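One structure is given here, and the rest of the page talks about it.
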Amino acid sequence: MVRKHVPSTATWTCPPPPVMYQPSRLAELPWRLPPQPAPPGLAADSARVGDLEVRAASVVGPGHRIDETRAGPRQDSYRIGRDAAARHLVVAVADGMSDSSHSDTAAAVATLSLVNSLRRQLDEGVPPFHLDHHTAFLEAAQQVHAIARQRQWSADSVRTVAVAAVVPADTPPNGARDIWLAGLGDTSAWVREPRRWAQLLGEKEQGPDAGRLRTYLPHTPEAVERRHLSLGPGQALVLTTDGVGDALTELPQAHDWFHHHWAAPVTALDLLLHISYDSHQRNDDRTAVVVWTPSADGGRS
C-alpha cells in the first residue's frame, strides 16, 4: 500500500457558500439536532446515465436547524433512478409542507413512489410521451396515505408537493430530447436558456394568496400538471424545491449566479455548497437535481 504523505501543517477547509443579496444571521448559528432521530441534514449524489450528467443535493435550511427546542428534520427529498434498460433517467423531488408534522416522511415516500411508478411504466413499454402522470401521482398519494395509516398519523400531517421528470439517456439523431415533466404545488422545473432560466412548472400564487398552496399530496393528486419540452445539446434541466426556486424567481443576483455556475456540470459537493447559499430571510430547506446534456460536439462544458 502506498500512502500519500500529507504535511502535518496542512489545513483542509471548505470555501464558504455564496451570499445572495445579504447574509443571514441564522446561517452563522450552530446546527441543532431534532428531538427525534432524523435522516441526514445533507445529501448529495453524482451519476452519468447514458450521456447525461446528473447531480443532486439537498440540505436542511437554517430555519429548521438552529432552534434548540424546535429543530426539525430535512423536509425535502429527492430520488434519481433509471428504467431497467437504462434508456431513461427518472427523477423526483418533493418538499414536505412545514406546517405538516410528518411531511419529511411524506416527501421521502412520494419521491420513491413516483420514481418506481414511472420506471414500471417504462419497463412495460409505455412511450415517454404516453406516461400516465395521473397514475404516478395517485400511486404516490396512496403510498403516503398508507404510511400515515400504518403509523396512526392524520392525512394532514403528511402533506407534500412534488415534481418528476423522465429524460432520454442518450442523444437522439436529431439532437433534441423530448422530456416528460409532471408536478403539483410549488416544487419547480427549469431549463437553462442562453441568457436566463425559464420556469416550466411550479409557479406560486400571486397577490393575497401568495405563498398559499392549494394542491399537494396526498389530498389532490388529480391536480397534477404535465409538460413536455425539447432539451437540446448543452442545456440543463433543474428540478428544485422552493428553497432554490424562490431564489431563482425573486433574486436577480441568484438567478444570474446559478445561470453562470450551472452552465456545465459541477461536482456533487459543489452543488451542495451552491444550494447552501446564505441569504437574509431565506431559511427553508433547499434541494436541486440538475441534468446536463452534452454539447453538440460531445463536450460537457
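Residue numbering restarts at 1 in every chain; chains get A, B, ... in the order shown in the C-alpha cells, and ligands count up from 1 in that same order.
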Requested in this report: Once DSSP has gone over the backbone, tell me which residues of stretch 93-221 of chain A are in strand (DSSP E or B), as a ChimeraX atom specification.
Outcome: /A:93-96,160-168,177-184,188-192,197-201,217
Which polymer residues have any atom within 6 Å of an atom of stretch 182-185 of chain A, counting only C-alpha atoms, with same-chain residues fewer than 5 positions away left out, as an mmCIF file with N, CA and C atoms, in the first residue's frame?
data_model
loop_
_atom_site.group_PDB
_atom_site.id
_atom_site.type_symbol
_atom_site.label_atom_id
_atom_site.label_comp_id
_atom_site.auth_asym_id
_atom_site.auth_seq_id
_atom_site.Cartn_x
_atom_site.Cartn_y
_atom_site.Cartn_z
ATOM 1 N N VAL A 161 -45.541 18.441 -1.578
ATOM 2 C CA VAL A 161 -45.649 18.732 -3.008
ATOM 3 C C VAL A 161 -44.510 18.023 -3.719
ATOM 4 N N ALA A 162 -44.637 17.837 -5.029
ATOM 5 C CA ALA A 162 -43.634 17.042 -5.735
ATOM 6 C C ALA A 162 -43.609 17.365 -7.217
ATOM 7 N N VAL A 163 -42.468 17.060 -7.841
ATOM 8 C CA VAL A 163 -42.289 17.202 -9.283
ATOM 9 C C VAL A 163 -41.444 16.028 -9.755
ATOM 10 N N ALA A 164 -41.678 15.567 -10.979
ATOM 11 C CA ALA A 164 -40.948 14.418 -11.517
ATOM 12 C C ALA A 164 -40.616 14.663 -12.981
ATOM 13 N N THR A 215 -52.643 22.780 -3.916
ATOM 14 C CA THR A 215 -52.528 21.413 -4.433
ATOM 15 C C THR A 215 -51.320 20.739 -3.799
ATOM 16 N N TYR A 216 -51.532 19.503 -3.321
ATOM 17 C CA TYR A 216 -50.459 18.765 -2.651
ATOM 18 C C TYR A 216 -50.918 17.330 -2.436
ATOM 19 N N VAL A 224 -52.347 17.287 -10.587
ATOM 20 C CA VAL A 224 -51.020 17.251 -11.197
ATOM 21 C C VAL A 224 -51.059 17.830 -12.610
ATOM 22 N N GLU A 225 -50.040 18.606 -12.950
ATOM 23 C CA GLU A 225 -49.894 19.180 -14.285
ATOM 24 C C GLU A 225 -48.763 18.472 -15.023
ATOM 25 N N ARG A 226 -48.929 18.313 -16.322
ATOM 26 C CA ARG A 226 -47.904 17.668 -17.147
ATOM 27 C C ARG A 226 -47.388 18.660 -18.179
#
Query raised in the report: Which of these, A:Gly202, A:Gly96, A:Pro16, A:Gly81, has the shortest distance to A:Arg227 once you count only C-alpha atoms?
Result: A:Gly202
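Shortest atom-to-atom contact with A:Ser77 among A:Pro40, A:Pro128, A:Pro173, A:Pro35: A:Pro40, counting only C-alpha atoms.
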Query raised in the report: Counting only C-alpha atoms, what is within 12 Å of A:Gly50, bar same-chain residues fewer than 2 positions away, as an NGL selection string?
Result: :A and (47-48 or 52-54 or 82-83 or 85-89 or 167-172 or 291-294)
For the selection just defined, write its residues with N, CA and C atoms to a file, as a PDB file, in the first residue's frame.
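Wrote it out as out.pdb, contents follow:
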ATOM      1  N   ALA A  47     -24.002  11.123 -10.889  1.00  0.00           N
ATOM      2  CA  ALA A  47     -24.157   9.959 -11.751  1.00  0.00           C
ATOM      3  C   ALA A  47     -24.055  10.371 -13.208  1.00  0.00           C
ATOM      4  N   ARG A  48     -23.683   9.409 -14.061  1.00  0.00           N
ATOM      5  CA  ARG A  48     -23.812   9.549 -15.506  1.00  0.00           C
ATOM      6  C   ARG A  48     -24.773   8.462 -15.970  1.00  0.00           C
ATOM      7  N   LEU A  52     -25.916  11.670 -20.217  1.00  0.00           N
ATOM      8  CA  LEU A  52     -26.355  12.723 -19.306  1.00  0.00           C
ATOM      9  C   LEU A  52     -25.448  12.782 -18.082  1.00  0.00           C
ATOM     10  N   GLU A  53     -25.198  13.978 -17.601  1.00  0.00           N
ATOM     11  CA  GLU A  53     -24.548  14.168 -16.301  1.00  0.00           C
ATOM     12  C   GLU A  53     -25.617  14.610 -15.312  1.00  0.00           C
ATOM     13  N   VAL A  54     -25.674  13.941 -14.162  1.00  0.00           N
ATOM     14  CA  VAL A  54     -26.703  14.213 -13.161  1.00  0.00           C
ATOM     15  C   VAL A  54     -26.032  14.530 -11.834  1.00  0.00           C
ATOM     16  N   ARG A  82     -33.324   4.948 -12.949  1.00  0.00           N
ATOM     17  CA  ARG A  82     -33.411   4.710 -14.394  1.00  0.00           C
ATOM     18  C   ARG A  82     -34.295   3.504 -14.630  1.00  0.00           C
ATOM     19  N   ASP A  83     -34.761   3.344 -15.865  1.00  0.00           N
ATOM     20  CA  ASP A  83     -35.522   2.152 -16.191  1.00  0.00           C
ATOM     21  C   ASP A  83     -34.580   0.963 -16.337  1.00  0.00           C
ATOM     22  N   ALA A  85     -33.769  -0.913 -18.808  1.00  0.00           N
ATOM     23  CA  ALA A  85     -32.927  -0.909 -19.998  1.00  0.00           C
ATOM     24  C   ALA A  85     -31.936   0.251 -20.013  1.00  0.00           C
ATOM     25  N   ALA A  86     -31.969   1.098 -18.990  1.00  0.00           N
ATOM     26  CA  ALA A  86     -31.082   2.263 -18.886  1.00  0.00           C
ATOM     27  C   ALA A  86     -31.246   3.219 -20.061  1.00  0.00           C
ATOM     28  N   ARG A  87     -32.456   3.302 -20.587  1.00  0.00           N
ATOM     29  CA  ARG A  87     -32.729   4.225 -21.690  1.00  0.00           C
ATOM     30  C   ARG A  87     -33.253   5.571 -21.224  1.00  0.00           C
ATOM     31  N   HIS A  88     -33.655   5.628 -19.955  1.00  0.00           N
ATOM     32  CA  HIS A  88     -34.243   6.864 -19.436  1.00  0.00           C
ATOM     33  C   HIS A  88     -33.773   7.127 -18.011  1.00  0.00           C
ATOM     34  N   LEU A  89     -33.509   8.374 -17.734  1.00  0.00           N
ATOM     35  CA  LEU A  89     -33.294   8.859 -16.373  1.00  0.00           C
ATOM     36  C   LEU A  89     -34.647   9.238 -15.796  1.00  0.00           C
ATOM     37  N   VAL A 167     -36.149  11.660 -18.647  1.00  0.00           N
ATOM     38  CA  VAL A 167     -35.248  12.221 -19.655  1.00  0.00           C
ATOM     39  C   VAL A 167     -34.586  11.082 -20.423  1.00  0.00           C
ATOM     40  N   PRO A 168     -34.645  11.065 -21.765  1.00  0.00           N
ATOM     41  CA  PRO A 168     -33.913  10.046 -22.529  1.00  0.00           C
ATOM     42  C   PRO A 168     -32.432  10.081 -22.198  1.00  0.00           C
ATOM     43  N   ALA A 169     -31.850   8.912 -22.005  1.00  0.00           N
ATOM     44  CA  ALA A 169     -30.462   8.841 -21.536  1.00  0.00           C
ATOM     45  C   ALA A 169     -29.437   9.159 -22.622  1.00  0.00           C
ATOM     46  N   ASP A 170     -29.781   8.926 -23.883  1.00  0.00           N
ATOM     47  CA  ASP A 170     -28.826   9.140 -24.970  1.00  0.00           C
ATOM     48  C   ASP A 170     -29.363  10.157 -25.966  1.00  0.00           C
ATOM     49  N   THR A 171     -28.458  10.852 -26.618  1.00  0.00           N
ATOM     50  CA  THR A 171     -28.832  11.872 -27.578  1.00  0.00           C
ATOM     51  C   THR A 171     -29.483  11.235 -28.807  1.00  0.00           C
ATOM     52  N   PRO A 172     -30.694  11.646 -29.170  1.00  0.00           N
ATOM     53  CA  PRO A 172     -31.328  11.108 -30.377  1.00  0.00           C
ATOM     54  C   PRO A 172     -30.660  11.659 -31.634  1.00  0.00           C
ATOM     55  N   VAL A 291     -29.640  18.198 -14.441  1.00  0.00           N
ATOM     56  CA  VAL A 291     -29.329  17.245 -15.509  1.00  0.00           C
ATOM     57  C   VAL A 291     -28.765  18.026 -16.692  1.00  0.00           C
ATOM     58  N   TRP A 292     -27.531  17.705 -17.083  1.00  0.00           N
ATOM     59  CA  TRP A 292     -26.886  18.380 -18.215  1.00  0.00           C
ATOM     60  C   TRP A 292     -26.813  17.453 -19.419  1.00  0.00           C
ATOM     61  N   THR A 293     -27.139  17.966 -20.581  1.00  0.00           N
ATOM     62  CA  THR A 293     -26.909  17.241 -21.829  1.00  0.00           C
ATOM     63  C   THR A 293     -25.540  17.642 -22.384  1.00  0.00           C
ATOM     64  N   PRO A 294     -24.873  16.731 -23.108  1.00  0.00           N
ATOM     65  CA  PRO A 294     -23.585  17.108 -23.712  1.00  0.00           C
ATOM     66  C   PRO A 294     -23.782  18.139 -24.808  1.00  0.00           C
TER      67      PRO A 294
END
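Atom CA of A:Asp178 is positioned 14.5 Å from atom CA of A:Leu122.
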